[in-house]
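What follows is a single structure, written as C-alpha cells, with notes after it.
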Amino acid sequence: MPERNRPHHDHALGHEHDHEHQHPPSAAALRVKALETLLVEKGLVDPAALDAIIETYAEKVGPRNGARVVARAWSDPDYLERLRKDATAAIAELSYEGRQGEHMVIVENDAQTHNLVVCTLCSCYPWPVLGLPPVWYKSDAYRSRAVIDPRGVLREFGLELPEEKAVRVWDSTAEVRYLVLPQRPEGTDGMSEEQLANLVTRDSMIGTGLPLTPEELER
Amino acid sequence: MNGVHDMGGMQCFGPVLPETNEPVFHAEWEARALAITLAMAGWGKWNIDSSRHARETLPPADYLRYSYYERWIAALTRMMVEHGLVTSEELESGQPDPGSPKARPPLDAAKVREALRRGGPTARPLDREPRFALGQKVRAINAHPKGHTRLPCYARGHIGEIVLHHGPHVFADANAHFRGEDPQHLYAVRFTARELWGKDASPRDSITLDLWEPHLEPA
C-alpha cells in the first residue's frame, strides 16, 4: 500500500496492519518524516543506510546476545575467566561488539551482592549485548531513583532483596558499559548452554530481575 | 552544567513502569529518528560528547516533556544548523535552499555494518602514570562547570574508593566542547550509599561511577 494511503497511525514495527481506530500522526512523526525527506533531498543521508541501521537493531542485535554470553560464562570456567580479565574481547569471541559496547566490564552477582546498572546522565546501555534500551531504562523515574532508592526500584520490578544482600549500583558515566552476570539458578546442572540461555532475561543482565528458574521457563 | 538531565537522586518522577513484551520501537518514526541520528554522525561534525551536551542544553521544560527520541531529534536539528549542514530556512520550508549543492552521504548502506561493528572506542594511549591506585580513597571535586561534565551533582564533594582503573580514555568534558580528546585516566570510584545519601541509606549498598582523573583529588 503506498505510504499516503496507509491509515494515519504510528506503526510499531511488525504491526503494520490496519486498525479501526485511526488518528492523525503525531507531531513527532510528522517532524521526523519532514526531516528525513529534507536530508535525503540534500544528499545528507542515504535512506538505504537508515533501513540497514533499523534492521540491525530491530532484528539482529538484542538481549539474546547477552544471554549467550551469560550462558557460556555459566558453562565454561575458562570463558568466565576471560570475561573477568577482558570482557570486551571475551564478548567479541561471540561476535558481539561495536557501537555502545566498545569497553565492556562484567559485574557478578553472588550470594552477598546484587548489581544494578543505570545511566543517570543520559541512557548509556550496552547495545551489542542487550540491544536498544527499554523505555523504562531511559525514563526519568529510573535514572533518578536507581542511585538513591535502588531497593525501592527493584520492588517495582517485583524483586525484594534481603537486607543482608548488598546492592551495588553502577552509574555508567563514561564509555564503559556494564553487563550484570546473574547467578546461575538452582536445578540447572545438566542443562546445555542453549537451554541456559533461555533462562537469562534482559532484566537479569541489567539487575532489575533474576534469571528464570527451569520451572518458570516451563510456565 | 547543573541541568535537569543530571537527575541522579531526584525523587519527583514517580514509579518506574516496566512494559511487558516491549517492542524495540513504539512507532516507525522512533526507528527513523534513531537511524537519522546515527547516520548524520557520519559527517564527523560533532562527537558523542557534544551530542549529549546538545541534548542536555535543550530548554529544561522541553527536555522533561519530550520522549527519548524527541530529545534526540531536537538536539540533532540544533547541531545540524549550528554546524552548517542545514539552514533554518530549509527546516522551515522542508526544501533544500535554491541553488544548494547536493551532497553525497558519507554512510551508505554497504558501510553500515562495519561502522556499527567498529563503534567509537575511547581508550587512548597516554604517557603519564595514573595518579591514583586501586583501593585509594579519593574525593570527587566540588565543581560546577557551566559546560558538559560527566561528574554528576550527587557525587560532588564526596569520598569514594578507586575500585577499577579503566586506563586512559577520551575526556568527555573536554571533547564535548571540541577542546581535543585530552585523554585522562578513567577509574570506577565506589561511594557508599551512606556517604552519598546519609544515615537512612542501607549500610551495605554502594554506587560506583566512572570518573576521570580531573574529577578527583586525594582524600
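Each chain of the C-alpha cells is named A, B, ... in the order shown, its residues numbered from 1; ligands are numbered from 1 in display order.
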
Segment 17-184 of chain B: which residues are helix (DSSP H, G or I) by DSSP, as a PyMOL selection string?
-> chain B and resi 28-43+48-56+60-65+68-82+88-93+109-118+153-155+172-175

If we count only C-alpha atoms, what is near segment 46-51 of chain B at a cut-off of 6 Å, once residues fewer than 2 positions away on the same chain are taken out, given as a VMD selection string?
-> chain B and resid 44 53 to 54 172 176

Residue list for chain A near chain B as a compact mmCIF listing (two decimals) with C-alpha atoms, in the first residue's frame, 6 Å, only C-alpha atoms:
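As written to disk, iface_7.txt reads:
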```
# COMPACT_ATOMS: atom_id res chain seq x y z
CA ASP A 10 2.06 5.36 14.14
CA HIS A 11 3.07 1.82 13.36
CA ALA A 12 5.14 -0.16 15.74
CA ALA A 29 6.13 11.58 13.42
CA LEU A 38 14.87 17.15 3.54
CA LYS A 42 20.12 17.36 0.26
CA GLY A 43 22.11 14.15 -0.08
CA LEU A 44 22.99 14.17 3.62
CA VAL A 45 21.61 10.70 4.40
CA ASP A 46 21.14 7.56 2.33
CA ALA A 48 19.02 2.60 2.43
CA ALA A 49 21.59 3.20 5.19
CA LEU A 50 18.77 4.20 7.52
CA ILE A 53 20.60 0.64 10.77
CA GLU A 97 31.00 -5.86 19.51
CA GLY A 98 30.95 -2.26 18.42
CA ARG A 99 28.80 0.75 19.00
CA GLU A 102 33.37 -0.68 22.90
CA THR A 120 21.71 8.88 35.45
CA LEU A 121 23.02 11.49 32.99
CA TRP A 136 11.75 2.37 31.48
CA ALA A 141 12.00 7.82 37.12
CA TYR A 142 14.60 5.07 36.69
CA SER A 144 16.82 9.48 39.10
CA ARG A 145 15.89 6.82 41.64
CA ILE A 148 19.13 6.85 45.74
CA ALA A 166 24.48 -5.55 49.28
CA VAL A 167 23.13 -3.63 46.30
CA ARG A 168 25.92 -2.37 44.07
CA VAL A 169 24.68 0.30 41.66
CA TRP A 170 26.82 1.15 38.62
CA ASP A 171 26.20 4.60 37.11
CA THR A 173 29.07 7.94 33.43
CA ALA A 174 31.79 7.16 30.82
```

Computed interatomic separation between atom CA of Thr20 of chain B and atom CA of Glu160 of chain A (Å) = 19.2 Å

Mind listing the strand (DSSP E) residues of segment 105-134 of chain A, per DSSP on the backbone, as a list in words?
->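 Restricting segment 105-134 of chain A to strand (DSSP E) produces Val105, Ile106, Val107, Glu108, Thr113, His114, Asn115, Leu116, Val117 and Val118 of chain A.
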